[in-house]
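Visitor: Enclosed is the structure file entry09.cif (mmCIF, C-alpha atoms and all ligand atoms).
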data_model
#
loop_
_atom_site.label_atom_id
_atom_site.label_comp_id
_atom_site.auth_asym_id
_atom_site.auth_seq_id
_atom_site.Cartn_x
_atom_site.Cartn_y
_atom_site.Cartn_z
CA MET A 1 -0.08 6.55 -0.05
CA ILE A 2 0.95 2.98 0.62
CA LYS A 3 2.60 0.64 -1.88
CA PRO A 4 0.08 -1.39 -3.92
CA LEU A 5 2.08 -4.61 -3.48
CA ASN A 6 3.43 -6.09 -0.26
CA ASN A 7 6.65 -7.05 -2.04
CA TRP A 8 8.06 -4.06 -3.91
CA PHE A 9 10.73 -5.02 -6.45
CA VAL A 10 11.09 -2.83 -9.55
CA THR A 11 12.12 -4.83 -12.62
CA SER A 12 11.78 -1.95 -15.10
CA PRO A 13 11.94 1.73 -14.12
CA PHE A 14 10.02 4.77 -15.38
CA GLY A 15 11.47 6.61 -18.40
CA TYR A 16 12.70 6.03 -21.92
CA ARG A 17 13.71 2.48 -22.84
CA VAL A 18 13.84 0.07 -25.75
CA HIS A 19 10.57 -1.85 -25.55
CA PRO A 20 11.28 -5.60 -25.04
CA ILE A 21 8.72 -6.65 -27.67
CA THR A 22 8.47 -3.84 -30.26
CA GLY A 23 12.14 -2.73 -30.09
CA GLU A 24 11.08 0.95 -30.19
CA ASN A 25 12.71 3.55 -27.93
CA LYS A 26 9.69 4.92 -26.09
CA LEU A 27 8.56 6.25 -22.74
CA HIS A 28 7.80 3.58 -20.17
CA ASN A 29 5.02 5.55 -18.49
CA GLY A 30 5.14 3.60 -15.22
CA ILE A 31 7.18 0.96 -13.48
CA ASP A 32 7.10 -2.83 -13.67
CA LEU A 33 6.91 -4.62 -10.36
CA ARG A 34 7.88 -8.26 -9.97
CA ALA A 35 4.79 -10.30 -9.12
CA THR A 36 3.77 -13.90 -9.67
CA ILE A 37 0.24 -14.50 -11.00
CA ASN A 38 -2.49 -13.78 -8.41
CA THR A 39 -0.48 -11.47 -6.16
CA PRO A 40 -2.98 -9.20 -4.33
CA ILE A 41 -3.01 -5.49 -5.26
CA TYR A 42 -4.08 -2.95 -2.62
CA SER A 43 -5.34 0.59 -3.22
CA PRO A 44 -2.58 3.04 -2.16
CA ALA A 45 -5.13 5.64 -0.95
CA ASN A 46 -8.87 6.27 -0.63
CA GLY A 47 -10.70 6.99 -3.86
CA PHE A 48 -12.90 5.39 -6.47
CA ILE A 49 -12.53 3.11 -9.47
CA GLU A 50 -12.60 5.31 -12.55
CA ASP A 51 -12.49 2.46 -15.06
CA VAL A 52 -12.00 -1.30 -15.39
CA ASN A 53 -11.24 -2.48 -18.91
CA TYR A 54 -9.35 -4.84 -21.20
CA ASN A 55 -7.15 -4.02 -24.19
CA SER A 56 -4.65 -6.07 -26.16
CA SER A 57 -1.56 -4.22 -24.85
CA GLY A 58 -2.47 -3.49 -21.19
CA GLY A 59 -4.61 -6.59 -20.69
CA ASN A 60 -7.00 -6.34 -17.75
CA GLN A 61 -6.58 -2.87 -16.25
CA ILE A 62 -7.87 -0.83 -13.32
CA PHE A 63 -7.85 2.98 -13.16
CA VAL A 64 -8.19 4.52 -9.70
CA LYS A 65 -8.86 8.20 -8.94
CA HIS A 66 -7.73 8.94 -5.39
CA ASP A 67 -9.07 11.69 -3.11
CA ASN A 68 -5.54 13.14 -2.66
CA ASN A 69 -5.15 14.29 -6.33
CA TYR A 70 -3.33 11.11 -7.33
CA ARG A 71 -4.46 8.72 -10.04
CA THR A 72 -3.01 5.22 -10.28
CA THR A 73 -3.37 2.45 -12.88
CA TYR A 74 -2.68 -1.29 -12.81
CA SER A 75 -2.14 -3.37 -15.97
CA HIS A 76 -1.71 -7.03 -17.03
CA LEU A 77 -4.02 -8.22 -14.24
CA GLU A 78 -5.28 -11.75 -13.83
CA SER A 79 -8.53 -10.47 -12.31
CA THR A 80 -10.13 -7.48 -10.65
CA THR A 81 -12.30 -7.36 -7.52
CA LYS A 82 -13.87 -3.95 -8.21
CA ASN A 83 -16.17 -2.35 -10.75
CA THR A 84 -16.24 1.14 -12.25
CA ASN A 85 -17.44 3.77 -9.72
CA ASP A 86 -16.83 1.53 -6.68
CA ARG A 87 -15.41 3.39 -3.67
CA VAL A 88 -12.14 2.02 -2.31
CA ILE A 89 -10.30 2.72 0.89
CA LYS A 90 -6.57 2.75 1.48
CA GLY A 91 -5.27 -0.82 1.68
CA GLU A 92 -8.38 -2.36 0.12
CA LEU A 93 -7.92 -5.28 -2.30
CA ILE A 94 -8.63 -4.14 -5.88
CA GLY A 95 -7.35 -7.05 -7.97
CA PHE A 96 -4.69 -9.68 -8.65
CA THR A 97 -1.59 -9.45 -10.83
CA GLY A 98 -1.28 -11.59 -13.95
CA GLU A 99 0.12 -11.70 -17.47
CA SER A 100 -2.80 -10.46 -19.59
CA GLY A 101 -2.10 -8.25 -22.62
CA ASN A 102 1.23 -7.71 -24.38
CA VAL A 103 3.77 -9.09 -21.89
CA THR A 104 6.69 -11.53 -21.83
CA ALA A 105 6.22 -12.58 -18.20
CA PRO A 106 3.77 -11.95 -15.34
CA HIS A 107 4.30 -8.58 -13.62
CA LEU A 108 2.41 -5.47 -12.54
CA HIS A 109 2.67 -2.35 -14.70
CA TYR A 110 1.89 0.50 -12.28
CA THR A 111 1.49 4.17 -13.24
CA VAL A 112 0.93 7.31 -11.16
CA LYS A 113 -0.38 10.77 -12.06
CA TYR A 114 -0.37 13.71 -9.64
CA ASN A 115 -2.72 16.60 -10.51
CA GLY A 116 -2.98 15.12 -14.01
CA VAL A 117 0.80 14.98 -14.56
CA ARG A 118 2.44 11.61 -15.06
CA ILE A 119 5.17 11.00 -12.48
CA ASP A 120 7.69 8.27 -11.69
CA PRO A 121 5.90 5.96 -9.19
CA GLU A 122 9.25 5.45 -7.43
CA THR A 123 9.36 9.16 -6.44
CA VAL A 124 6.12 8.92 -4.45
CA ILE A 125 6.75 8.92 -0.70
CA TYR A 126 5.03 5.78 0.54
CA GLU A 127 4.01 5.21 4.13
CA ASP A 128 4.98 1.95 5.76
CA PRO A 129 1.71 -0.02 6.10
CA TYR A 130 3.05 -1.70 9.24
CA ASN A 131 3.60 1.71 10.85
CA ILE A 132 0.08 2.76 9.94
CA ILE A 133 -1.27 -0.33 11.67
CA GLY A 134 1.14 0.25 14.58
CA ASN A 135 0.04 3.87 15.02
CA TYR A 136 -3.58 2.90 14.72
CA ASN A 137 -3.25 0.28 17.45
CA PHE A 138 -1.18 2.57 19.61
CA ASN A 139 -3.68 5.43 19.48
CA ASN A 140 -6.77 3.30 19.83
CA ASN A 141 -5.80 0.31 21.97
CA LEU A 142 -2.33 0.35 23.42
CA GLN A 143 -2.34 3.84 24.84
CA PRO A 144 -5.49 3.50 27.03
CA ASN A 145 -4.28 0.04 28.14
CA PHE A 146 -0.86 1.43 28.91
CA LYS A 147 -2.40 4.21 31.04
CA LYS A 148 -4.55 1.67 32.88
CA TYR A 149 -1.56 -0.58 33.61
CA ALA A 150 0.62 2.40 34.54
CA ILE A 151 -1.95 3.48 37.16
CA TRP A 152 -2.12 -0.05 38.63
CA LEU A 153 1.68 -0.24 38.61
CA LEU A 154 1.89 3.05 40.55
CA VAL A 155 -0.73 1.82 43.06
CA LEU A 156 1.22 -1.43 43.50
CA MET A 157 4.50 0.47 43.94
CA GLY A 158 2.81 2.72 46.49
CA PHE A 159 1.63 -0.27 48.54
CA SER A 160 5.07 -1.91 48.28
CA LEU A 161 6.84 1.24 49.42
CA THR A 162 4.41 1.71 52.31
CA TYR A 163 4.96 -1.93 53.32
CA ILE A 164 8.78 -1.63 53.12
CA LEU A 165 8.79 1.61 55.17
CA TYR A 166 6.39 0.05 57.70
CA LYS A 167 8.65 -3.02 58.05
CA ARG A 168 11.80 -0.88 58.43
CA LYS A 169 10.13 1.26 61.12
CA ASN A 170 9.23 -1.84 63.11
CA VAL A 171 12.63 -3.61 62.98
ZN ZN A 201 5.51 -1.61 -17.78
#
Spit out the file's structure as structure tokens when you get a sec.
Ligand SMILES: [Zn+2]
Guide:
Amino acid sequence: MIKPLNNWFVTSPFGYRVHPITGENKLHNGIDLRATINTPIYSPANGFIEDVNYNSSGGNQIFVKHDNNYRTTYSHLESTTKNTNDRVIKGELIGFTGESGNVTAPHLHYTVKYNGVRIDPETVIYEDPYNIIGNYNFNNNLQPNFKKYAIWLLVLMGFSLTYILYKRKNV
């Protein structure tokens, strides 16, 4: 799993709280992430879009069922880039944050379920997307290049050493 937003700043945690609009003490079933309107949202893992809908409280919403037994949802979106049943891969753009539905300011309401059980999205262990890219490059590009350069470096060192020894012998 990777984080769905590049900038991860939790403005409201998971758990019981007094709702800012209704005043009721109720379960906040996800977390609120700070996001200006039109911040890109990326799928945390491979999967498919289970539903895209609108309702007066959640606004524009996306429901994603991931292949790794996680389900994630995204609410108050400005727009979505996917339709129901679309396949998505990890890191793929699925929509943009906004302030649709029952909100006081633009943000992303993000929820996570694991094997059908709602969990605190902050307890998920997220991979660093930059490390994923780094590992990918290392395994697929850098390592063969490194080997190639290492061989040339050894050949060059061999020639240099031979030359130095030759010179010393002929002083
Ligand atoms: Zn929320």
Visitor: Which residue, A:Asn53, A:Ser12, A:Asn6, A:Asn85, has the smallest gap to ligand ZN 201 (chain A) when you use only C-alpha atoms and all ligand atoms?
Guide: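 Closest residue, counting only C-alpha atoms and all ligand atoms: A:Ser12.
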Visitor: Tell me which protein, DNA and RNA residues are within 12 Å of A:His109, counting only C-alpha atoms, leaving out same-chain ones fewer than 2 positions away, and put them as a ChimeraX atom specification.
Guide: /A:4-5,9-14,28-35,41,57-63,72-77,97-103,105-107,111-112,121
Visitor: Quote the spacing between atom CA of A:Ser79 and atom CA of A:Met1 in Å to one decimal place.
Guide: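 Here the two named atoms are 22.6 Å from each other.
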Visitor: Might you pull out every residue within 12 Å of A:Arg87, with all atoms listed in the file counted and same-chain residues fewer than 6 positions away left off, and present them as number ranges by chain?
Guide: A: 43, 45-51, 64-67, 81, 93-94
Visitor: Could you check which of A:Gly158, A:Lys3, A:Asp128, A:Leu27 is closest to ligand ZN 201 (chain A), using all atoms listed in the file?
Guide: A:Leu27
Visitor: Within 7 Å of A:Lys26, counting only C-alpha atoms, which residues show up once you throw out same-chain ones fewer than 5 positions away? Write them as a PDB file with C-alpha atoms, in the frame of the given file, please.
Guide:
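Below you can see part.pdb, which holds the result:
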ATOM      1  CA  TYR A  16      12.700   6.030 -21.920  1.00  0.00           C
ATOM      2  CA  ARG A  17      13.710   2.480 -22.840  1.00  0.00           C
ATOM      3  CA  VAL A  18      13.840   0.070 -25.750  1.00  0.00           C
ATOM      4  CA  HIS A  19      10.570  -1.850 -25.550  1.00  0.00           C
TER       5      HIS A  19
END
Visitor: Find the distance between atom CA of A:Gly91 and atom CA of A:Thr123 and write it in Å to one decimal.
Guide: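 For atom CA of A:Gly91 relative to atom CA of A:Thr123, the distance reads 19.5 Å.
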Visitor: Find the distance between atom CA of A:Thr22 and atom CA of A:Ile37 and write it in Å to one decimal.
Guide: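 Computing it gives 23.5 Å between the two atoms.
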Visitor: Given all atoms listed in the file as the basis, pick out the residue of A:Thr162, A:Asn7, A:Thr104, A:Asn115 nearest to ligand ZN 201 (chain A).
Guide: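 Ranking A:Thr162, A:Asn7, A:Thr104, A:Asn115 by distance to ligand ZN 201 (chain A), first place goes to A:Thr104.
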Visitor: Determine, counting all atoms listed in the file, which protein, DNA and RNA residues have an atom within 9 Å of an atom of A:Asn69; residues of the same chain fewer than 6 positions away are not included. Present the result as a list in words.
Guide: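 These residues fall inside the cut-off: Lys113, Tyr114, Asn115 and Gly116 of chain A.
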Visitor: Between A:Ile21, A:Leu108, A:Ile2, A:Val88, single out the one closest to ligand ZN 201 (chain A), counting all atoms listed in the file.
Guide: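 When distances to ligand ZN 201 (chain A) are compared using all atoms listed in the file, the smallest one comes from A:Leu108.
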Visitor: Once 5 Å is added on each side, what centre and edge lengths in Å to one decimal does the axis-aligned box around all listed atoms of stretch 53-66 of chain A have, as JSON?
Guide:
{"center_x": -6.4, "center_y": 1.2, "center_z": -15.8, "size_x": 19.7, "size_y": 25.5, "size_z": 30.8}
Visitor: Missing atoms in stretch 93-111 of chain A should be modelled up to N, CA and C atoms and reported as a PDB file, keeping the file's coordinate frame.
Guide:
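Output file selection.pdb is given in full below:
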ATOM      1  N   LEU A  93      -8.241  -4.420  -1.153  1.00  0.00           N
ATOM      2  CA  LEU A  93      -7.920  -5.280  -2.300  1.00  0.00           C
ATOM      3  C   LEU A  93      -8.677  -4.797  -3.540  1.00  0.00           C
ATOM      4  N   ILE A  94      -7.948  -4.569  -4.652  1.00  0.00           N
ATOM      5  CA  ILE A  94      -8.630  -4.140  -5.880  1.00  0.00           C
ATOM      6  C   ILE A  94      -8.480  -5.149  -7.021  1.00  0.00           C
ATOM      7  N   GLY A  95      -7.525  -6.067  -6.905  1.00  0.00           N
ATOM      8  CA  GLY A  95      -7.350  -7.050  -7.970  1.00  0.00           C
ATOM      9  C   GLY A  95      -6.132  -7.918  -7.723  1.00  0.00           C
ATOM     10  N   PHE A  96      -5.830  -8.761  -8.745  1.00  0.00           N
ATOM     11  CA  PHE A  96      -4.690  -9.680  -8.650  1.00  0.00           C
ATOM     12  C   PHE A  96      -3.832  -9.552  -9.899  1.00  0.00           C
ATOM     13  N   THR A  97      -2.518  -9.577  -9.709  1.00  0.00           N
ATOM     14  CA  THR A  97      -1.590  -9.450 -10.830  1.00  0.00           C
ATOM     15  C   THR A  97      -1.686 -10.676 -11.743  1.00  0.00           C
ATOM     16  N   GLY A  98      -1.211 -10.481 -12.993  1.00  0.00           N
ATOM     17  CA  GLY A  98      -1.280 -11.590 -13.950  1.00  0.00           C
ATOM     18  C   GLY A  98      -0.344 -11.335 -15.114  1.00  0.00           C
ATOM     19  N   GLU A  99      -0.695 -11.886 -16.267  1.00  0.00           N
ATOM     20  CA  GLU A  99       0.120 -11.700 -17.470  1.00  0.00           C
ATOM     21  C   GLU A  99      -0.760 -11.454 -18.694  1.00  0.00           C
ATOM     22  N   SER A 100      -1.905 -10.762 -18.479  1.00  0.00           N
ATOM     23  CA  SER A 100      -2.800 -10.460 -19.590  1.00  0.00           C
ATOM     24  C   SER A 100      -2.220  -9.326 -20.436  1.00  0.00           C
ATOM     25  N   GLY A 101      -2.579  -9.306 -21.722  1.00  0.00           N
ATOM     26  CA  GLY A 101      -2.100  -8.250 -22.620  1.00  0.00           C
ATOM     27  C   GLY A 101      -0.746  -8.596 -23.210  1.00  0.00           C
ATOM     28  N   ASN A 102      -0.026  -7.541 -23.651  1.00  0.00           N
ATOM     29  CA  ASN A 102       1.230  -7.710 -24.380  1.00  0.00           C
ATOM     30  C   ASN A 102       2.415  -7.765 -23.411  1.00  0.00           C
ATOM     31  N   VAL A 103       2.683  -8.930 -22.860  1.00  0.00           N
ATOM     32  CA  VAL A 103       3.770  -9.090 -21.890  1.00  0.00           C
ATOM     33  C   VAL A 103       4.592 -10.337 -22.203  1.00  0.00           C
ATOM     34  N   THR A 104       5.834 -10.352 -21.656  1.00  0.00           N
ATOM     35  CA  THR A 104       6.690 -11.530 -21.830  1.00  0.00           C
ATOM     36  C   THR A 104       6.669 -12.411 -20.575  1.00  0.00           C
ATOM     37  N   ALA A 105       6.271 -11.828 -19.450  1.00  0.00           N
ATOM     38  CA  ALA A 105       6.220 -12.580 -18.200  1.00  0.00           C
ATOM     39  C   ALA A 105       5.231 -11.892 -17.259  1.00  0.00           C
ATOM     40  N   PRO A 106       4.699 -12.611 -16.266  1.00  0.00           N
ATOM     41  CA  PRO A 106       3.770 -11.950 -15.340  1.00  0.00           C
ATOM     42  C   PRO A 106       4.462 -10.836 -14.559  1.00  0.00           C
ATOM     43  N   HIS A 107       3.813  -9.694 -14.439  1.00  0.00           N
ATOM     44  CA  HIS A 107       4.300  -8.580 -13.620  1.00  0.00           C
ATOM     45  C   HIS A 107       3.176  -7.571 -13.494  1.00  0.00           C
ATOM     46  N   LEU A 108       3.372  -6.568 -12.644  1.00  0.00           N
ATOM     47  CA  LEU A 108       2.410  -5.470 -12.540  1.00  0.00           C
ATOM     48  C   LEU A 108       2.997  -4.224 -13.173  1.00  0.00           C
ATOM     49  N   HIS A 109       2.308  -3.658 -14.151  1.00  0.00           N
ATOM     50  CA  HIS A 109       2.670  -2.350 -14.700  1.00  0.00           C
ATOM     51  C   HIS A 109       1.840  -1.325 -13.929  1.00  0.00           C
ATOM     52  N   TYR A 110       2.517  -0.431 -13.219  1.00  0.00           N
ATOM     53  CA  TYR A 110       1.890   0.500 -12.280  1.00  0.00           C
ATOM     54  C   TYR A 110       2.236   1.926 -12.685  1.00  0.00           C
ATOM     55  N   THR A 111       1.226   2.774 -12.874  1.00  0.00           N
ATOM     56  CA  THR A 111       1.490   4.170 -13.240  1.00  0.00           C
ATOM     57  C   THR A 111       0.849   5.108 -12.207  1.00  0.00           C
TER      58      THR A 111
END
